[in-house]
Each structure stands twice: as structure tokens, then as C-alpha cells.
Amino acid sequence: MSQESSVEALLEEARLNASMPSPAERQRLREAANLSRAQVAAAVGVGRTTVANWETGHSEPTPPGRLEYLKLLKGLAEIYPAIPAAAPEPTADPVAALFTETPTPTPTPAVSAPSAFTGLQTLRGLDGRAIEGDPGPCIRCGVTTTYQSTDGRPLHSGALCQPAGPATAASPAPAQPSAPAPALVSPTPVPVPGRPERRARSAAQAQEETTGLISRAVHAELTRAGGDWDVALKALIKRAIPDVMHLFNETRATARYDYTAYPALPDILKKPSKKDPDQIWEARPRFHHPGYSLRAPGDIKVTALDVNAAYLSALKCWLPIGRLEHSTGTDGVESKRSGVHLITPAPWVHPHLPDPIGDRDEPGALWVTNSTLRLLQRLSGPKYALTDAPVIHESWTSGATENFLDALRKTLSAARETALNEDDTLTLEYVKAMYSKFISTMGESIHNREMVRPDWMHIIHSQAYANLWGKAYKAHQAGLEVISMMGTDELHVTGDWRDVFPEGRGVAQMKIKHGDAKASGEYTVGKVTS
Amino acid sequence: MAGRWMDLGMFNAHGVPGADALGAAIEHMVTGIASPVDTDRGLSARLRYLTKTDAGYEAMDRAGIHVSPRTLMAWLAEERTPNKANRSRLDAAYWDLRRRNVATDLKHRLNNDGRGTRVEINPVDQSGVERRHQRDVASRSIKVRGVWDRAVDAWLDEDLAELDAIWDQIIVDIGSEYDAYSNVSSIGWAA
């Protein structure tokens, strides 16, 4: 390589460097050309995440790949030039417009006035104060005033008055500029100026800050790992529990209730030993339709469906705030209380629908959580009328709220949705580790000593199962046959499920469950003949 | 015990003395071999832990295990298994030694480089108390510093009087109504 050509190359790079677009513009150019990040990354010779970081502004393009990337951007910018930003319209910002009407001697009125009046100035003395003269009708608004314009006609001081209707009508066309104003073509209506939305903005700011915690953690670990995806993921999963507890405390900063983190637990919630469970029945489903079998001959098509982020959605449930208190009979059962209840459920007589109490073999009374009890009570109500109401013997309850973990749930779902849109698997896995470990360690765990609330863990688990039962019922009502319902998130149905559930990876959507098991993805079963 | 608590439970309130709760909460921090001594795994793990150091032999002495070296070797080699009485003595010796060994770590965690640990104190359970005798006592959360070395030593020696004195010292920081927390339903902390 000769001396001259390397100088040329450096100059070329400097030239490209000077015209480097902003991070947002980089993304716009790529999206305008309908290119994926992976395509760009392959062409430039870096990882997909690196391109994403360049586009979000987390990092600046560095070699290797920097020169190639700059060349690509320059070429794209020639094909898709940036649309010049619309000139700011005086009325575009209503809040700003309000403030421009303060009585300062501003030459431009806040509202667009007919051009005939725009040159008018208030007659002022040498000291800068407006000079008063004989009263007369203002040439702008027609209301009597003593102030004058520089040409001697009556005019309100500072020309701040609203132009009168007839005056505007007298000069029709010239008021409108030749090009249509952007505000007129904009599909989003200009919000009506009211009070400044201080509260909503601070809430949005707080939301922004908590969401920032997640993206900052991902970015920090990725930087520390030097871009190594697996190492970063391992580090993120390791710090998921302290991070989610920090996030939880952040969302509790302005909360109304002070919860009890270390309550005295009733014996039913104490584990007899490290490995034995306590006495709470979480109603985990394990349902298989007795009329269908994998072994029976037949070709009925079944789809295994998967609920996305079932435990994340289950964070919305009635959680007891304080220490659980004992009550007998139905005393503890109120809409604003939650906890665990000793009940005897009514027999379930619908073999084609999963039992909401789960796969319970032994008869008799059992301790269930408030989530299960609410489901049973709904099903015994007039709307469903599927079963009789359970008999409630005793309860351990406390005053409850449904919004307790809602801020945390919203923050995590927002981060999850953003990660899905950006195809950011690292953040997705991190968020998943955060909510699942939060729930699994909120009871007695040596990995999370910030709280000992096994009751919450049970209630959230059974809320997830109750939500799944709701989905099974919805499928059944839409004419699909529920073949099986298992675990937290698995629902196998016949027929065209896409008419019933939206497909996708969002929390309100369902996706096909693939796996090694025989009954996964799409498979066929036969009818059992007996 | 500080204060005017005369007779806990007279009006049907439920709770435990603060010293007991303090000891239980420190005890709760101790982890060790999870398998019970009745399993092969749990037994051999305990035997190995106890025969690693001189302190282990001293712990066995204290627990009343006086067997010949031959028997001990046979236990370790799993040629013979200790009888039920000796198994429970081994278990006691193991946990005794384990507590002594983790005490330093517990002090370190609780002192938190002098910053101390925030303790949540939940008042006695008054749900069984007649309405007119109920008092408005809220849950409190206070930062406790400077007493943890003494507290862990007292817990190790099972010195209830010392734990009681420490608990009185802790609750004085609550303020004028510290008396109400002489007995509690539970306490807890993250350390």
C-alpha cells in the first residue's frame, strides 16, 4: 500500500465521519431500506447487538466495521434523504402558546394575525413606555383604547389583543400561507391546552427511570463481558434477584401501604423440613381429556399452546399486606381480604373441562389460596353456574390489594415488550429471570432474604393456574375441545385456535409450544372408544 | 425485660419475648447440611465435617460421643453405622460446631461494615384481644448497629439474659412507646 493511498483512505474516513448521522437517523435509514439488523451486521462484519447499540446510541461505531458502516449509511442517505423537519408552527405547542401571551412587548402575536396588521408597533416614548393619546377603537380588535400605533391610529399596547372577526373577514386570502400548515395535515390532534400535567409527567419520569434500570443493567453486563452474549446472560441471571428486589423497592417508593416482610407464619405455611412442602394446595392443573388418547386410532389435529409469561401476568392478584390472622367459618372471606382458606370443594361434574381445584386424588378439606377460592366462587356464581360454592371452614387472611405488585408487573412487561420488538433476547431472558426468581424466592429462600412471604408465592402460583383455567374455558366456549391442560402455561386444544386466541409472544397472546415430548407442537389424537 | 408488660396473654394477645425472637432470627441465618442425619448422605457429611479438625473432635466430646478410634474409623468407612442415640449426638455435635464456625460470618454480615442491619419488628398479635383492650401498635423498622457482636455471642452461648438486655437496648431506639415491643410476634431482616 502506497503512502498516498493510505492518506486518501484516512481522508475518506474523516469525510464520512463528519457526516455521521445521529443514532435515530441510523435506524431510520436502515428501516427505510427495509433491512434487518442481522443483514446490516453481516454486511459490516459485527454482531447484531452491536448494530442495535449503535442505533440506540448506547455506543458509537468503532472499528472493525466502522468504515463499512459509515459507507453503508452514506449510501442509504443518498437513496433515502432525510425529510426536512417541519417548520415550527406558532400554535404547534399549545403550552408554549399560552406563555407567549404574557404581557411582554413581543412583536409577533401568538395567533396568526392578518398580514395587514403584522407590521404594527406601539408608539413609545424615549423612555420606552407606551404613549397614550385620545381614546378610539383599536384597529385590531375594535375595542376603545388610548394607546396608539406608530402611524397614529388607536392600537392596544403591544398589539396583544385578539383581531376582531370582521377585520379578518375583510382580508380573506392573504392570511393563509401558500403551503398547508403541518398542523392541519397532522393525523394526531393537537391536545387541548389545560393544566400542565405535572402528575402524569412525573409518573412517566419514574417509569422511565425504573425501565432505565433494566436497560442499564443489560448494557453494563454486555460491556463488561466485552460483547460476549453468553457471559453477559450468565452474569445477568446471577444478579436478577437483587436487581428485581431493588426494582420492587423502587416501585414501592411512594406506595400507600407498608407491607410486612417477615410476618409470623401460621403452621400450615411452615415447611416441616427443607424438602417437604407446606400444607397449601396450589391447584396446579394436570388435566387430560378422558375421551381422547394419543394411542387410540384417529387423526384429530391437536395444537399444544403456550401462555406467554404466565407468572408475569399472575402478579396481578389479591395479595395480603400484613400478617395473616385466623378466622373461622366465612368470617375471613371478604372482597378486600386475601390469604389461605381451608375449604371443601363441591364435586366437579364436567369431565370435558379441567377441574379448577387441579389434580387432587384424596377427598376432603384442603387449604387453598385466595386465588383458587375466588375462581371457585366465580364458577359457582350465576354467570357460570358450573359448580356449587365451596364450604369454607377456616381462613388465615389479611387486608389485601390487587395493585400491590402492579407497578412492578407493568415495568417488567414494558421492558419485555420493548425487548420483543427489538428482538433483544438478552433483555428478554433477564426480565424472565427477574420475575420468575422474584416469585420463587419470595417465600423462605437463602437466595432472597429480603422477604419471607410463602403465602404470596402460593397465591401468585395459583393465580397463574386460575388464569390458565380461564383460557381453557374460553377455548371450550368457542367450540374447541380442551385435550389437556398442564403446568403453568400449557393448553392443548383441537380445532382452529387462531380464531380464539391471538398468536404471538405478547402477554395477551398464545404461541405454539414446541418441545421434545410426543404431545407438543401439532399432533394427532384419536377418540377413545369404550 | 424492660417495661410494663406484666403478663403476656392475659388479654389473649399472642407473641414471644423479643429476646426469643432475636435468637430465633439469628438461628434462621444458619445454613448447613440439608440432608437429615438418618440418611447415608447426611450421616457421612456430618462425620466428615466433624473429623476434619480438632474443633470437630472437641465438639463430639461436648456432645457426649465417647467411642474408640476404631469405631469412628468404621463409621467413616461406612462399615458400621452408629446407633440411634449416637446419630442424634452426632447431629447435635455437627450443629454445635457449625454454629461456632459461622458465628464470625454472621457478625460480619450483621455489622455490615458498621452500617448495621435494618430490623423489621412486628408487634404482638392482638386479633384475639377484646376490642376495648386493643392498643394501636404498628410494625416498626429500625436500623440496629453496634450490638451484633454481643448478640451473636449471646445466641451462641444461649445466654437468654444477655439477649434480653440486648433486645431492650435495641427497642429503646424506637422512642417513647418502646415498651410495646418488649414482646413481638416476629422479627426479621435481610442480611
# chains A, B, ... in the order shown; residues from 1 in each chain; ligands from 1
call {"tool": "interface_residues", "arguments": {"of": "chain A", "to": "chain B", "cutoff": "10 Å", "atoms": "only C-alpha atoms", "output": "PyMOL selection string"}}
result
chain A and resi 258-265+273-275+322-327+446+448-452
call {"tool": "residues_around", "arguments": {"residues": "Asn17 in chain A", "least_positions_apart": "4", "cutoff": "9 Å", "atoms": "only C-alpha atoms", "output": "list in words"}}
result
Glu12, Glu13, Pro21, Leu67 and Leu70 of chain A
call {"tool": "residues_around", "arguments": {"residues": "range 288-303 of chain A", "least_positions_apart": "6", "cutoff": "7 Å", "atoms": "only C-alpha atoms", "output": "PyMOL selection string"}}
result
chain A and resi 352+482-485+492-495+512+521-528
call {"tool": "select_by_dssp", "arguments": {"residues": "chain B", "states": "strand (DSSP E)", "output": "PyMOL selection string"}}
result
chain B and resi 16-17+117-123+140-144+183-188
call {"tool": "write_last_selection", "arguments": {"atoms": "N, CA and C atoms", "output": "PDB file, in the first residue's frame"}}
result
ATOM      1  N   VAL B  16     -44.089 -13.569  71.470  1.00  0.00           N
ATOM      2  CA  VAL B  16     -42.958 -14.159  72.185  1.00  0.00           C
ATOM      3  C   VAL B  16     -42.098 -13.011  72.698  1.00  0.00           C
ATOM      4  N   PRO B  17     -41.307 -13.244  73.771  1.00  0.00           N
ATOM      5  CA  PRO B  17     -40.392 -12.197  74.208  1.00  0.00           C
ATOM      6  C   PRO B  17     -39.419 -11.831  73.087  1.00  0.00           C
ATOM      7  N   THR B 117     -27.867  -3.419  60.381  1.00  0.00           N
ATOM      8  CA  THR B 117     -28.912  -4.102  59.623  1.00  0.00           C
ATOM      9  C   THR B 117     -30.265  -3.533  60.019  1.00  0.00           C
ATOM     10  N   ARG B 118     -31.134  -3.356  59.017  1.00  0.00           N
ATOM     11  CA  ARG B 118     -32.486  -2.876  59.293  1.00  0.00           C
ATOM     12  C   ARG B 118     -33.360  -4.032  59.764  1.00  0.00           C
ATOM     13  N   VAL B 119     -33.972  -3.881  60.909  1.00  0.00           N
ATOM     14  CA  VAL B 119     -34.764  -4.959  61.514  1.00  0.00           C
ATOM     15  C   VAL B 119     -36.234  -4.574  61.479  1.00  0.00           C
ATOM     16  N   GLU B 120     -37.047  -5.468  60.920  1.00  0.00           N
ATOM     17  CA  GLU B 120     -38.493  -5.255  60.943  1.00  0.00           C
ATOM     18  C   GLU B 120     -39.054  -5.899  62.200  1.00  0.00           C
ATOM     19  N   ILE B 121     -39.782  -5.112  62.996  1.00  0.00           N
ATOM     20  CA  ILE B 121     -40.351  -5.621  64.245  1.00  0.00           C
ATOM     21  C   ILE B 121     -41.865  -5.618  64.114  1.00  0.00           C
ATOM     22  N   ASN B 122     -42.464  -6.795  64.178  1.00  0.00           N
ATOM     23  CA  ASN B 122     -43.914  -6.887  64.092  1.00  0.00           C
ATOM     24  C   ASN B 122     -44.488  -7.083  65.480  1.00  0.00           C
ATOM     25  N   PRO B 123     -45.460  -6.246  65.875  1.00  0.00           N
ATOM     26  CA  PRO B 123     -45.970  -6.279  67.242  1.00  0.00           C
ATOM     27  C   PRO B 123     -46.755  -7.557  67.519  1.00  0.00           C
ATOM     28  N   ARG B 140     -42.729  -1.785  63.084  1.00  0.00           N
ATOM     29  CA  ARG B 140     -41.656  -0.800  63.047  1.00  0.00           C
ATOM     30  C   ARG B 140     -40.465  -1.403  62.329  1.00  0.00           C
ATOM     31  N   SER B 141     -39.672  -0.521  61.768  1.00  0.00           N
ATOM     32  CA  SER B 141     -38.474  -0.964  61.072  1.00  0.00           C
ATOM     33  C   SER B 141     -37.343  -0.046  61.504  1.00  0.00           C
ATOM     34  N   ILE B 142     -36.377  -0.579  62.219  1.00  0.00           N
ATOM     35  CA  ILE B 142     -35.297   0.281  62.715  1.00  0.00           C
ATOM     36  C   ILE B 142     -33.941  -0.297  62.336  1.00  0.00           C
ATOM     37  N   LYS B 143     -33.000   0.610  62.188  1.00  0.00           N
ATOM     38  CA  LYS B 143     -31.631   0.213  61.866  1.00  0.00           C
ATOM     39  C   LYS B 143     -30.919  -0.100  63.182  1.00  0.00           C
ATOM     40  N   VAL B 144     -30.364  -1.281  63.268  1.00  0.00           N
ATOM     41  CA  VAL B 144     -29.696  -1.700  64.505  1.00  0.00           C
ATOM     42  C   VAL B 144     -28.195  -1.799  64.251  1.00  0.00           C
ATOM     43  N   ASN B 183     -42.512  -7.622  73.782  1.00  0.00           N
ATOM     44  CA  ASN B 183     -42.937  -8.883  73.180  1.00  0.00           C
ATOM     45  C   ASN B 183     -43.325  -8.596  71.734  1.00  0.00           C
ATOM     46  N   VAL B 184     -43.054  -9.539  70.866  1.00  0.00           N
ATOM     47  CA  VAL B 184     -43.330  -9.334  69.446  1.00  0.00           C
ATOM     48  C   VAL B 184     -43.972 -10.586  68.882  1.00  0.00           C
ATOM     49  N   SER B 185     -44.524 -10.447  67.667  1.00  0.00           N
ATOM     50  CA  SER B 185     -44.986 -11.665  67.003  1.00  0.00           C
ATOM     51  C   SER B 185     -43.873 -12.227  66.132  1.00  0.00           C
ATOM     52  N   SER B 186     -43.107 -11.357  65.480  1.00  0.00           N
ATOM     53  CA  SER B 186     -41.973 -11.847  64.695  1.00  0.00           C
ATOM     54  C   SER B 186     -41.041 -10.683  64.413  1.00  0.00           C
ATOM     55  N   ILE B 187     -39.775 -11.010  64.176  1.00  0.00           N
ATOM     56  CA  ILE B 187     -38.851 -10.007  63.661  1.00  0.00           C
ATOM     57  C   ILE B 187     -38.109 -10.621  62.485  1.00  0.00           C
ATOM     58  N   GLY B 188     -37.513  -9.780  61.669  1.00  0.00           N
ATOM     59  CA  GLY B 188     -36.782 -10.307  60.522  1.00  0.00           C
ATOM     60  C   GLY B 188     -35.888  -9.258  59.922  1.00  0.00           C
TER      61      GLY B 188
END
call {"tool": "residues_around", "arguments": {"residues": "range 71-78 of chain B", "least_positions_apart": "3", "cutoff": "7 Å", "atoms": "only C-alpha atoms", "output": "PyMOL selection string"}}
result
chain B and resi 44+47+67-68+81-82
call {"tool": "write_last_selection", "arguments": {"atoms": "N, CA and C atoms", "output": "mmCIF file, in the first residue's frame"}}
result
data_model
loop_
_atom_site.group_PDB
_atom_site.id
_atom_site.type_symbol
_atom_site.label_atom_id
_atom_site.label_comp_id
_atom_site.auth_asym_id
_atom_site.auth_seq_id
_atom_site.Cartn_x
_atom_site.Cartn_y
_atom_site.Cartn_z
ATOM 1 N N SER B 44 -22.733 -39.280 56.545
ATOM 2 C CA SER B 44 -21.326 -39.239 56.147
ATOM 3 C C SER B 44 -20.841 -37.794 56.042
ATOM 4 N N LEU B 47 -20.092 -36.736 59.593
ATOM 5 C CA LEU B 47 -18.871 -37.363 60.096
ATOM 6 C C LEU B 47 -17.628 -36.717 59.487
ATOM 7 N N VAL B 67 -16.337 -42.714 71.764
ATOM 8 C CA VAL B 67 -16.145 -44.030 71.137
ATOM 9 C C VAL B 67 -14.662 -44.208 70.835
ATOM 10 N N SER B 68 -14.294 -45.454 70.624
ATOM 11 C CA SER B 68 -12.894 -45.731 70.329
ATOM 12 C C SER B 68 -12.569 -45.259 68.914
ATOM 13 N N THR B 81 -22.754 -48.542 61.101
ATOM 14 C CA THR B 81 -23.494 -47.287 61.263
ATOM 15 C C THR B 81 -23.744 -47.056 62.747
ATOM 16 N N PRO B 82 -23.628 -45.815 63.195
ATOM 17 C CA PRO B 82 -23.875 -45.524 64.607
ATOM 18 C C PRO B 82 -25.323 -45.818 64.976
#
call {"tool": "closest_residue", "arguments": {"among": "A:Met434, A:Ala464, A:Ala217, A:Leu376", "to": "Leu408 in chain A", "atoms": "only C-alpha atoms"}}
result
A:Met434
call {"tool": "atom_distance", "arguments": {"atom1": "CA of Pro81 in chain A", "atom2": "CA of Ser19 in chain A"}}
result
12.9 Å
